[in-house]
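The structure file start_11.pdb is reproduced below (PDB, C-alpha atoms).
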ATOM      1  CA  MET A 376       0.000   0.000   0.000
ATOM      2  CA  GLU A 377       1.240   3.468  -0.934
ATOM      3  CA  LEU A 378       1.376   5.230   2.451
ATOM      4  CA  ILE A 379       3.042   8.494   1.372
ATOM      5  CA  LYS A 380       2.629  10.086  -2.042
ATOM      6  CA  ILE A 381       4.371  13.284  -3.079
ATOM      7  CA  GLN A 382       3.334  14.732  -6.440
ATOM      8  CA  ASP A 383       4.946  17.591  -8.378
ATOM      9  CA  LEU A 384       6.221  19.293  -5.214
ATOM     10  CA  THR A 385       7.921  22.675  -5.618
ATOM     11  CA  LYS A 386       9.246  25.058  -2.976
ATOM     12  CA  ARG A 387      11.127  28.282  -3.647
ATOM     13  CA  TYR A 388      13.018  30.639  -1.369
ATOM     14  CA  GLY A 389      13.182  33.779  -3.444
ATOM     15  CA  SER A 390      15.088  32.884  -6.593
ATOM     16  CA  ASN A 391      16.379  29.630  -5.092
ATOM     17  CA  ILE A 392      14.417  26.471  -5.918
ATOM     18  CA  ALA A 393      14.795  24.140  -2.936
ATOM     19  CA  VAL A 394      12.416  21.461  -4.253
ATOM     20  CA  ASP A 395      11.907  21.264  -8.002
ATOM     21  CA  ASN A 396       8.757  19.494  -9.244
ATOM     22  CA  LEU A 397       9.592  16.451  -7.138
ATOM     23  CA  SER A 398       7.538  13.255  -7.001
ATOM     24  CA  LEU A 399       8.123  10.126  -4.925
ATOM     25  CA  SER A 400       6.157   7.544  -2.971
ATOM     26  CA  VAL A 401       6.756   5.434   0.118
ATOM     27  CA  THR A 402       5.117   2.044   0.575
ATOM     28  CA  GLU A 403       3.733   1.053   3.957
ATOM     29  CA  GLY A 404       6.306  -1.021   5.838
ATOM     30  CA  ASP A 405       9.335   0.533   4.136
ATOM     31  CA  ILE A 406      12.483   1.783   5.778
ATOM     32  CA  PHE A 407      12.942   4.489   3.175
ATOM     33  CA  GLY A 408      16.346   6.154   2.828
ATOM     34  CA  LEU A 409      16.386   9.769   1.671
ATOM     35  CA  LEU A 410      19.910  10.697   0.547
ATOM     36  CA  GLY A 411      21.343  13.896  -0.811
ATOM     37  CA  PRO A 412      24.145  16.411  -0.268
ATOM     38  CA  ASN A 413      23.508  19.512   1.803
ATOM     39  CA  GLY A 414      21.032  21.734  -0.018
ATOM     40  CA  ALA A 415      19.478  18.857  -1.976
ATOM     41  CA  GLY A 416      16.019  19.539  -0.506
ATOM     42  CA  LYS A 417      15.698  16.810   2.150
ATOM     43  CA  SER A 418      14.922  19.090   5.088
ATOM     44  CA  THR A 419      12.479  21.146   3.050
ATOM     45  CA  ILE A 420      10.540  18.020   2.050
ATOM     46  CA  ILE A 421      10.448  16.820   5.668
ATOM     47  CA  ASN A 422       9.282  20.202   6.921
ATOM     48  CA  ILE A 423       6.477  20.291   4.350
ATOM     49  CA  MET A 424       5.405  16.758   5.258
ATOM     50  CA  CYS A 425       5.260  17.711   8.939
ATOM     51  CA  GLY A 426       3.262  20.869   8.246
ATOM     52  CA  LEU A 427       6.097  23.216   9.235
ATOM     53  CA  LEU A 428       6.319  24.672   5.723
ATOM     54  CA  LYS A 429       3.861  25.165   2.893
ATOM     55  CA  ALA A 430       4.698  24.060  -0.620
ATOM     56  CA  ASP A 431       4.321  26.524  -3.472
ATOM     57  CA  VAL A 432       3.048  23.832  -5.817
ATOM     58  CA  GLY A 433       2.193  20.160  -5.526
ATOM     59  CA  MET A 434       0.375  17.743  -3.281
ATOM     60  CA  ILE A 435       1.258  15.367  -0.456
ATOM     61  CA  THR A 436      -1.089  12.643   0.747
ATOM     62  CA  ILE A 437      -0.265  10.634   3.854
ATOM     63  CA  ASP A 438      -2.296   7.525   4.606
ATOM     64  CA  GLY A 439      -4.819   8.778   2.064
ATOM     65  CA  ILE A 440      -5.152  12.213   3.707
ATOM     66  CA  ASN A 441      -4.293  15.397   1.834
ATOM     67  CA  ILE A 442      -1.946  17.377   4.049
ATOM     68  CA  LYS A 443      -3.536  20.655   2.955
ATOM     69  CA  SER A 444      -7.095  19.630   3.793
ATOM     70  CA  ASP A 445      -6.437  18.031   7.195
ATOM     71  CA  PRO A 446      -2.942  18.872   8.503
ATOM     72  CA  MET A 447      -3.747  18.001  12.145
ATOM     73  CA  GLU A 448      -4.844  14.483  11.264
ATOM     74  CA  VAL A 449      -1.657  14.015   9.263
ATOM     75  CA  LYS A 450       0.453  15.201  12.201
ATOM     76  CA  ARG A 451      -1.123  12.557  14.444
ATOM     77  CA  ARG A 452       0.258   9.898  12.109
ATOM     78  CA  ILE A 453       3.811  11.256  12.097
ATOM     79  CA  GLY A 454       6.619  11.169  14.639
ATOM     80  CA  LEU A 455       9.595  13.416  13.874
ATOM     81  CA  VAL A 456      13.112  12.823  15.189
ATOM     82  CA  PRO A 457      14.828  16.086  14.169
ATOM     83  CA  GLN A 458      18.506  16.468  13.451
ATOM     84  CA  GLU A 459      18.855  19.021  16.234
ATOM     85  CA  ILE A 460      18.075  17.805  19.747
ATOM     86  CA  ALA A 461      14.540  18.959  20.634
ATOM     87  CA  LEU A 462      14.351  18.527  24.414
ATOM     88  CA  TYR A 463      13.745  20.725  27.444
ATOM     89  CA  ASP A 464      16.719  20.741  29.827
ATOM     90  CA  VAL A 465      14.566  21.805  32.801
ATOM     91  CA  LEU A 466      12.312  18.740  32.413
ATOM     92  CA  THR A 467      13.196  15.168  33.364
ATOM     93  CA  ALA A 468      13.305  12.416  30.757
ATOM     94  CA  ARG A 469       9.833  11.270  31.793
ATOM     95  CA  GLU A 470       8.484  14.841  31.736
ATOM     96  CA  ASN A 471       9.914  15.462  28.263
ATOM     97  CA  ILE A 472       8.243  12.345  26.865
ATOM     98  CA  SER A 473       4.989  13.122  28.659
ATOM     99  CA  PHE A 474       5.000  16.674  27.293
ATOM    100  CA  PHE A 475       5.283  15.503  23.700
ATOM    101  CA  GLY A 476       2.705  12.802  24.371
ATOM    102  CA  LYS A 477       0.233  15.471  25.493
ATOM    103  CA  LEU A 478       0.908  17.440  22.312
ATOM    104  CA  ALA A 479      -0.101  14.305  20.402
ATOM    105  CA  GLY A 480      -3.362  14.078  22.351
ATOM    106  CA  LEU A 481      -2.514  11.463  24.982
ATOM    107  CA  ARG A 482      -4.029  11.840  28.442
ATOM    108  CA  GLY A 483      -4.391  10.037  31.778
ATOM    109  CA  ASN A 484      -3.470   6.372  32.099
ATOM    110  CA  MET A 485      -2.782   6.059  28.374
ATOM    111  CA  LEU A 486      -0.209   8.878  28.586
ATOM    112  CA  LYS A 487       1.511   7.233  31.568
ATOM    113  CA  GLN A 488       1.545   3.821  29.894
ATOM    114  CA  ARG A 489       2.912   5.124  26.598
ATOM    115  CA  THR A 490       5.545   7.214  28.414
ATOM    116  CA  ASP A 491       6.752   4.146  30.319
ATOM    117  CA  GLU A 492       6.817   2.100  27.118
ATOM    118  CA  ALA A 493       8.831   4.771  25.287
ATOM    119  CA  LEU A 494      11.355   4.995  28.146
ATOM    120  CA  GLU A 495      11.762   1.224  28.118
ATOM    121  CA  PHE A 496      12.059   1.062  24.343
ATOM    122  CA  VAL A 497      15.025   3.461  24.240
ATOM    123  CA  GLY A 498      16.662   1.935  27.317
ATOM    124  CA  LEU A 499      16.262   4.916  29.642
ATOM    125  CA  THR A 500      13.913   3.494  32.269
ATOM    126  CA  ASP A 501      16.577   3.838  34.965
ATOM    127  CA  LYS A 502      17.213   7.459  33.901
ATOM    128  CA  PHE A 503      13.560   8.575  33.972
ATOM    129  CA  ASN A 504      14.238  11.253  36.598
ATOM    130  CA  GLY A 505      17.404  12.613  34.986
ATOM    131  CA  THR A 506      17.454  15.763  32.868
ATOM    132  CA  PRO A 507      18.930  16.075  29.369
ATOM    133  CA  LYS A 508      21.716  18.376  30.572
ATOM    134  CA  GLU A 509      23.018  15.401  32.585
ATOM    135  CA  PHE A 510      22.895  13.007  29.625
ATOM    136  CA  SER A 511      25.522  12.011  27.089
ATOM    137  CA  GLY A 512      24.992  12.802  23.418
ATOM    138  CA  GLY A 513      23.813   9.255  22.737
ATOM    139  CA  MET A 514      21.323   9.324  25.608
ATOM    140  CA  LYS A 515      19.912  12.637  24.362
ATOM    141  CA  ARG A 516      19.448  11.123  20.903
ATOM    142  CA  ARG A 517      17.624   8.151  22.399
ATOM    143  CA  LEU A 518      15.376  10.422  24.463
ATOM    144  CA  ASN A 519      14.697  12.428  21.304
ATOM    145  CA  ILE A 520      13.433   9.215  19.696
ATOM    146  CA  ALA A 521      11.283   8.385  22.722
ATOM    147  CA  CYS A 522       9.549  11.779  22.446
ATOM    148  CA  ALA A 523       8.831  11.122  18.758
ATOM    149  CA  ILE A 524       7.367   7.637  19.216
ATOM    150  CA  VAL A 525       5.366   8.051  22.452
ATOM    151  CA  HIS A 526       2.085   8.336  20.513
ATOM    152  CA  GLN A 527       3.007   5.275  18.424
ATOM    153  CA  PRO A 528       2.863   7.012  15.026
ATOM    154  CA  LYS A 529       2.307   5.167  11.796
ATOM    155  CA  ILE A 530       5.169   7.078  10.145
ATOM    156  CA  ILE A 531       8.462   7.994  11.822
ATOM    157  CA  ILE A 532      10.778  10.501  10.156
ATOM    158  CA  MET A 533      14.376  10.308  11.386
ATOM    159  CA  ASP A 534      16.588  13.161  10.244
ATOM    160  CA  GLU A 535      20.253  12.355  10.961
ATOM    161  CA  PRO A 536      19.468  10.576  14.261
ATOM    162  CA  THR A 537      23.038   9.325  14.836
ATOM    163  CA  VAL A 538      25.026  12.536  14.322
ATOM    164  CA  GLY A 539      27.851  13.036  16.808
ATOM    165  CA  ILE A 540      27.366   9.972  18.981
ATOM    166  CA  ASP A 541      29.486   6.995  20.025
ATOM    167  CA  PRO A 542      29.380   3.654  18.143
ATOM    168  CA  GLN A 543      27.477   1.868  20.920
ATOM    169  CA  SER A 544      24.690   4.467  20.884
ATOM    170  CA  ARG A 545      24.636   4.400  17.081
ATOM    171  CA  ASN A 546      24.146   0.643  17.076
ATOM    172  CA  HIS A 547      21.389   0.982  19.676
ATOM    173  CA  ILE A 548      19.565   3.516  17.501
ATOM    174  CA  LEU A 549      19.937   1.432  14.329
ATOM    175  CA  ASP A 550      18.568  -1.590  16.158
ATOM    176  CA  SER A 551      15.699   0.604  17.379
ATOM    177  CA  VAL A 552      14.884   1.628  13.801
ATOM    178  CA  LYS A 553      14.604  -2.026  12.780
ATOM    179  CA  ARG A 554      12.459  -2.855  15.816
ATOM    180  CA  LEU A 555      10.118   0.079  15.190
ATOM    181  CA  ASN A 556       9.706  -1.089  11.620
ATOM    182  CA  GLN A 557       8.984  -4.648  12.759
ATOM    183  CA  MET A 558       6.374  -3.221  15.145
ATOM    184  CA  GLY A 559       4.539  -1.677  12.197
ATOM    185  CA  SER A 560       5.974   1.803  11.674
ATOM    186  CA  THR A 561       7.066   3.030   8.266
ATOM    187  CA  ILE A 562      10.400   4.848   8.560
ATOM    188  CA  ILE A 563      11.843   7.701   6.518
ATOM    189  CA  TYR A 564      15.543   7.869   7.296
ATOM    190  CA  THR A 565      18.126  10.480   6.315
ATOM    191  CA  SER A 566      21.806  10.099   7.093
ATOM    192  CA  HIS A 567      25.280  11.152   6.002
ATOM    193  CA  TYR A 568      26.498   7.662   6.835
ATOM    194  CA  MET A 569      26.153   5.468   3.765
ATOM    195  CA  GLU A 570      26.782   2.258   5.723
ATOM    196  CA  GLU A 571      23.732   2.988   7.889
ATOM    197  CA  VAL A 572      21.474   3.390   4.876
ATOM    198  CA  GLU A 573      22.886   0.231   3.279
ATOM    199  CA  SER A 574      22.295  -1.783   6.450
ATOM    200  CA  ILE A 575      18.704  -0.773   7.254
ATOM    201  CA  CYS A 576      16.908   0.743   4.232
ATOM    202  CA  ASN A 577      14.992  -1.429   1.770
ATOM    203  CA  GLN A 578      14.169   1.495  -0.552
ATOM    204  CA  ILE A 579      16.287   4.574  -1.299
ATOM    205  CA  SER A 580      15.873   7.834  -3.210
ATOM    206  CA  ILE A 581      18.847  10.033  -4.051
ATOM    207  CA  LEU A 582      18.146  13.763  -4.327
ATOM    208  CA  ASP A 583      20.193  16.521  -5.887
ATOM    209  CA  ASN A 584      19.233  20.124  -6.593
ATOM    210  CA  GLY A 585      15.698  19.502  -5.368
ATOM    211  CA  ARG A 586      15.010  16.565  -7.672
ATOM    212  CA  VAL A 587      14.972  12.784  -7.410
ATOM    213  CA  ILE A 588      17.824  11.556  -9.589
ATOM    214  CA  ALA A 589      17.592   7.843  -8.738
ATOM    215  CA  SER A 590      15.336   5.502  -6.745
ATOM    216  CA  GLY A 591      15.216   1.801  -5.984
ATOM    217  CA  THR A 592      16.674  -0.881  -3.751
ATOM    218  CA  LYS A 593      20.348  -0.612  -2.906
ATOM    219  CA  GLU A 594      21.109  -3.392  -5.400
ATOM    220  CA  GLN A 595      19.174  -1.622  -8.170
ATOM    221  CA  LEU A 596      21.018   1.618  -7.454
ATOM    222  CA  LYS A 597      24.403  -0.086  -7.478
ATOM    223  CA  ARG A 598      23.689  -1.491 -10.925
ATOM    224  CA  ILE A 599      23.245   2.047 -12.240
ATOM    225  CA  VAL A 600      27.004   2.437 -11.904
ATOM    226  CA  SER A 601      28.036  -1.009 -13.081
ATOM    227  CA  ASN A 602      26.578  -4.435 -13.747
ATOM    228  CA  GLU A 603      29.927  -5.996 -12.961
ATOM    229  CA  ASP A 604      31.932  -6.882  -9.874
ATOM    230  CA  ARG A 605      35.729  -6.748 -10.033
ATOM    231  CA  ILE A 606      37.854  -9.578  -8.613
ATOM    232  CA  THR A 607      41.638  -9.265  -8.262
ATOM    233  CA  ILE A 608      43.539 -12.471  -7.509
ATOM    234  CA  GLU A 609      47.255 -12.116  -6.746
ATOM    235  CA  CYS A 610      49.123 -15.360  -7.429
ATOM    236  CA  LEU A 611      52.542 -16.609  -6.346
ATOM    237  CA  ASN A 612      52.894 -18.389  -9.676
ATOM    238  CA  MET A 613      50.928 -18.237 -12.895
ATOM    239  CA  ASN A 614      50.956 -19.607 -16.417
ATOM    240  CA  TYR A 615      49.097 -18.580 -19.540
ATOM    241  CA  SER A 616      47.553 -22.010 -20.071
ATOM    242  CA  SER A 617      45.756 -21.633 -16.742
ATOM    243  CA  LEU A 618      44.653 -18.183 -17.784
ATOM    244  CA  GLU A 619      43.158 -19.537 -21.010
ATOM    245  CA  LYS A 620      41.311 -22.236 -19.101
ATOM    246  CA  LEU A 621      40.017 -19.597 -16.694
ATOM    247  CA  LYS A 622      38.400 -17.758 -19.575
ATOM    248  CA  THR A 623      36.091 -20.734 -20.093
ATOM    249  CA  VAL A 624      34.497 -20.404 -16.637
ATOM    250  CA  HIS A 625      30.831 -19.539 -17.040
ATOM    251  CA  GLY A 626      29.885 -16.103 -15.690
ATOM    252  CA  LEU A 627      33.207 -14.333 -16.285
ATOM    253  CA  ASN A 628      32.884 -11.341 -18.605
ATOM    254  CA  HIS A 629      36.571 -10.488 -18.786
ATOM    255  CA  VAL A 630      39.829 -12.112 -17.623
ATOM    256  CA  GLU A 631      43.256 -10.457 -17.816
ATOM    257  CA  LEU A 632      46.705 -11.137 -16.332
ATOM    258  CA  ASN A 633      48.829  -8.230 -15.060
ATOM    259  CA  ASP A 634      52.067  -9.028 -13.196
ATOM    260  CA  ASN A 635      50.808 -12.199 -11.514
ATOM    261  CA  LYS A 636      47.490 -10.524 -10.769
ATOM    262  CA  ILE A 637      44.395 -11.915 -12.429
ATOM    263  CA  GLU A 638      41.805  -9.222 -13.085
ATOM    264  CA  ILE A 639      38.276 -10.587 -13.499
ATOM    265  CA  LEU A 640      34.991  -8.868 -14.272
ATOM    266  CA  ALA A 641      31.837 -10.812 -13.442
ATOM    267  CA  GLU A 642      28.172  -9.988 -13.042
ATOM    268  CA  ASN A 643      28.095 -11.811  -9.701
ATOM    269  CA  ALA A 644      31.442 -12.384  -7.995
ATOM    270  CA  GLN A 645      30.087 -14.699  -5.302
ATOM    271  CA  SER A 646      28.615 -17.103  -7.840
ATOM    272  CA  VAL A 647      31.872 -17.639  -9.774
ATOM    273  CA  LEU A 648      34.562 -17.665  -7.097
ATOM    274  CA  GLN A 649      34.257 -21.359  -6.254
ATOM    275  CA  ASP A 650      34.764 -22.373  -9.897
ATOM    276  CA  VAL A 651      37.692 -19.957 -10.265
ATOM    277  CA  PHE A 652      39.450 -21.252  -7.144
ATOM    278  CA  PHE A 653      38.898 -24.882  -8.167
ATOM    279  CA  LEU A 654      40.362 -24.336 -11.633
ATOM    280  CA  LEU A 655      43.430 -22.472 -10.304
ATOM    281  CA  SER A 656      44.034 -25.102  -7.631
ATOM    282  CA  SER A 657      43.701 -27.895 -10.196
ATOM    283  CA  ASN A 658      46.439 -26.222 -12.254
ATOM    284  CA  ASP A 659      48.766 -25.799  -9.246
ATOM    285  CA  VAL A 660      48.358 -22.035  -9.143
ATOM    286  CA  ARG A 661      49.056 -20.733  -5.625
ATOM    287  CA  ILE A 662      46.917 -17.824  -4.492
ATOM    288  CA  LYS A 663      48.409 -15.085  -2.309
ATOM    289  CA  GLU A 664      45.506 -12.635  -1.984
ATOM    290  CA  VAL A 665      41.971 -12.083  -3.258
ATOM    291  CA  LYS A 666      40.234  -8.711  -3.397
ATOM    292  CA  MET A 667      36.690  -7.948  -4.501
ATOM    293  CA  SER A 668      35.394  -4.554  -5.463
ATOM    294  CA  VAL A 669      31.640  -4.189  -5.826
ATOM    295  CA  PRO A 670      29.662  -0.994  -6.340
ATOM    296  CA  ASN A 671      28.320   0.542  -3.116
ATOM    297  CA  LEU A 672      26.044   3.494  -2.366
ATOM    298  CA  GLU A 673      29.029   5.804  -2.025
ATOM    299  CA  THR A 674      30.093   4.868  -5.568
ATOM    300  CA  VAL A 675      26.568   5.435  -6.847
ATOM    301  CA  PHE A 676      26.264   8.777  -5.109
ATOM    302  CA  LEU A 677      29.578  10.087  -6.378
ATOM    303  CA  SER A 678      28.761   8.887  -9.883
ATOM    304  CA  LEU A 679      25.341  10.561  -9.969
ATOM    305  CA  THR A 680      26.051  13.822  -8.138
ATOM    306  CA  GLY A 681      29.791  14.286  -8.595
ATOM    307  CA  ARG A 682      29.966  15.098  -4.884
ATOM    308  CA  LYS A 683      30.495  13.335  -1.609
ATOM    309  CA  LEU A 684      27.442  13.119   0.626
ATOM    310  CA  ARG A 685      28.852  15.646   3.085
ATOM    311  CA  ASP A 686      29.578  18.307   0.439
TER     312      ASP A 686
END

Let me see the file written as structure tokens.
Amino acid sequence: MELIKIQDLTKRYGSNIAVDNLSLSVTEGDIFGLLGPNGAGKSTIINIMCGLLKADVGMITIDGINIKSDPMEVKRRIGLVPQEIALYDVLTARENISFFGKLAGLRGNMLKQRTDEALEFVGLTDKFNGTPKEFSGGMKRRLNIACAIVHQPKIIIMDEPTVGIDPQSRNHILDSVKRLNQMGSTIIYTSHYMEEVESICNQISILDNGRVIASGTKEQLKRIVSNEDRITIECLNMNYSSLEKLKTVHGLNHVELNDNKIEILAENAQSVLQDVFFLLSSNDVRIKEVKMSVPNLETVFLSLTGRKLRD
């Protein structure tokens, strides 16, 4: 089911076009990665979805509801984890979560129950009476998530939720994203860390200059750059007869010998390696080192935008 649909969205700031006739959709149950360099339009899209900005042109429907016709109902379905920490230092962890729960319409026993559940989910039950000014960066990020999920939203938008935190806290947050998704939430995730997006997102859109320039699964996006994996096998000894035999292995697109290094191009490296190793071993070729180079999201991004993600 198409949970989020963005059609022909445009937003200008004076002469600058932040979002340029952009269209994309998010299916219910996705962990949807939204990638783009600074200024690509990610934050503007998120702010429009959350009702913090108005688009100049275009339409957004969330769970079948037009954001223009019923913005409050849309907001009830969304939980936002902003890039900047959005907490009150004078309130305890429990009070912060409870405050945001009240904003989402929770009251009484339901508010207390959901607050306790959110504290437990992010692993801060024993810190319920502490204040954010006493917390580490990772703990603040986790509390930020608790405030966003207390009303159990259908859609959770996470904008750079792991910026500036330690590896342990990052892993905790990434695990939390997966758990939230398993519990039924659709996630929109932005990050400058390509490995995070590769590990958790099942669908990805790459933005540049306010437009979608590529969308698909991570495997589909990688194939935009190349349909081939590169295998480099460094040998202690080699002979040309073995090389000729190697060229007969099914699935190899190109085989070349350079200074005792065999360079192989194949559509799927994993599927051919066993046959390659068996043939070399059968011909008494001793292998020193094997390296594989496959396209990754960083390669795709650089190829499509000409920039690193942090540019």

Given the file shown, determine the residues that the PyMOL selection byres ((chain A and resi 593) around 8) selects; report them as a PDB file with C-alpha atoms, keeping the file's coordinate frame.
ATOM      1  CA  GLU A 573      22.886   0.231   3.279  1.00  0.00           C
ATOM      2  CA  ASN A 577      14.992  -1.429   1.770  1.00  0.00           C
ATOM      3  CA  GLN A 578      14.169   1.495  -0.552  1.00  0.00           C
ATOM      4  CA  ILE A 579      16.287   4.574  -1.299  1.00  0.00           C
ATOM      5  CA  GLY A 591      15.216   1.801  -5.984  1.00  0.00           C
ATOM      6  CA  THR A 592      16.674  -0.881  -3.751  1.00  0.00           C
ATOM      7  CA  GLU A 594      21.109  -3.392  -5.400  1.00  0.00           C
ATOM      8  CA  GLN A 595      19.174  -1.622  -8.170  1.00  0.00           C
ATOM      9  CA  LEU A 596      21.018   1.618  -7.454  1.00  0.00           C
ATOM     10  CA  LYS A 597      24.403  -0.086  -7.478  1.00  0.00           C
ATOM     11  CA  LEU A 672      26.044   3.494  -2.366  1.00  0.00           C
TER      12      LEU A 672
END

Report as JSON, numbers by chain the full result of the PyMOL selection byres ((chain A and resi 611) around 12) when it is applied to this structure. {"A": [608, 609, 610, 612, 613, 614, 634, 635, 636, 637, 655, 659, 660, 661, 662, 663, 664, 665]}

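Residue nearest Ser668 of chain A, chosen from A:Leu618, A:Leu410, A:Asp604, A:Ile392 and counting all atoms listed in the file: A:Asp604.
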
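Remark: for Glu377 of chain A, the closest of the candidate residues A:Val394, A:Val449, A:Ile440, A:Leu427 is A:Ile440 (distances computed over only C-alpha atoms).
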
Just say which residues the PyMOL selection byres ((chain A and resi 584) around 9) picks in this file, as a count of residues only. 14

Kindly provide, as a list in words, the polymer residues lying within 9 Å of (-0.3, 7.3, 4.4), counting only C-alpha atoms and using the coordinates exactly as they appear in the file.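 The residues that fall inside the cut-off are Met376, Glu377, Leu378, Ile379, Lys380, Val401, Thr402, Glu403, Thr436, Ile437, Asp438, Gly439, Ile440, Val449, Arg452, Lys529 and Ile530 of chain A.
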
Separation of atom CA of Asn643 of chain A and atom CA of Leu677 of chain A, in Å?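 So the two atoms, atom CA of Asn643 of chain A and atom CA of Leu677 of chain A, lie 22.2 Å apart.
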
Could you tell me how far atom CA of Gly404 of chain A sits from atom CA of Leu499 of chain A, in Å to one decimal place?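 If I compute the distance from atom CA of Leu499 of chain A to atom CA of Gly404 of chain A, I get 26.5 Å.
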
Considering all atoms listed in the file, state which residue in the set A:Asp405, A:Asp550, A:Asp650, A:Glu619 is at the smallest distance from Ile563 of chain A.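 Among the listed residues, the smallest separation from Ile563 of chain A belongs to A:Asp405.
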
Hey, can you pull every residue with an atom no more than 10 Å from (38.4, -11.6, -17.7), using only C-alpha atoms, and send it as an MDAnalysis selection string? chainID A and resid 605:606 618:619 621:624 626:632 637:641

What's the 9 Å shell around Ser544 of chain A, counting all atoms listed in the file, without same-chain residues fewer than 2 positions away, as JSON, numbers by chain? {"A": [512, 513, 514, 516, 517, 537, 540, 541, 542, 546, 547, 548, 549]}

One decimal, in Å: what's the spacing between atom CA of Ile562 of chain A and atom CA of Met533 of chain A?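 Computed distance, atom CA of Ile562 of chain A to atom CA of Met533 of chain A, equals 7.3 Å.
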
Out of A:Asp501, A:Glu492, A:Glu642, A:Asp464, which residue has the shortest atom-to-atom distance to Ala521 of chain A when counting all atoms listed in the file?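 Of the candidates, the smallest distance to Ala521 of chain A is held by A:Glu492.
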
Applying 8 Å and all atoms listed in the file, which residues near segment 455-463 of chain A remain after dropping the ones on its own chain fewer than 5 positions away? List them as a PyMOL selection string. chain A and resi 425+471+507+515-516+519-520+523+531-536+538

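If all atoms listed in the file are the atoms counted, then among A:Arg489, A:Arg482, A:His625, A:Lys666 the closest residue to Val651 of chain A is A:His625.
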
For Leu478 of chain A: contacts at 12 Å, all atoms listed in the file, fewer than 2 positions along chain excluded, given as a list in words: Met447, Lys450, Arg451, Gly454, Asn471, Ile472, Ser473, Phe474, Phe475, Gly476, Gly480, Leu481, Arg482, Leu486, Cys522, Ala523, Val525 and His526 of chain A

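Once Thr467 of chain A and its same-chain neighbours fewer than 3 positions away are set aside, Glu470, Asn504, Gly505 and Thr506 of chain A remain within 6 Å of it when counting all atoms listed in the file.
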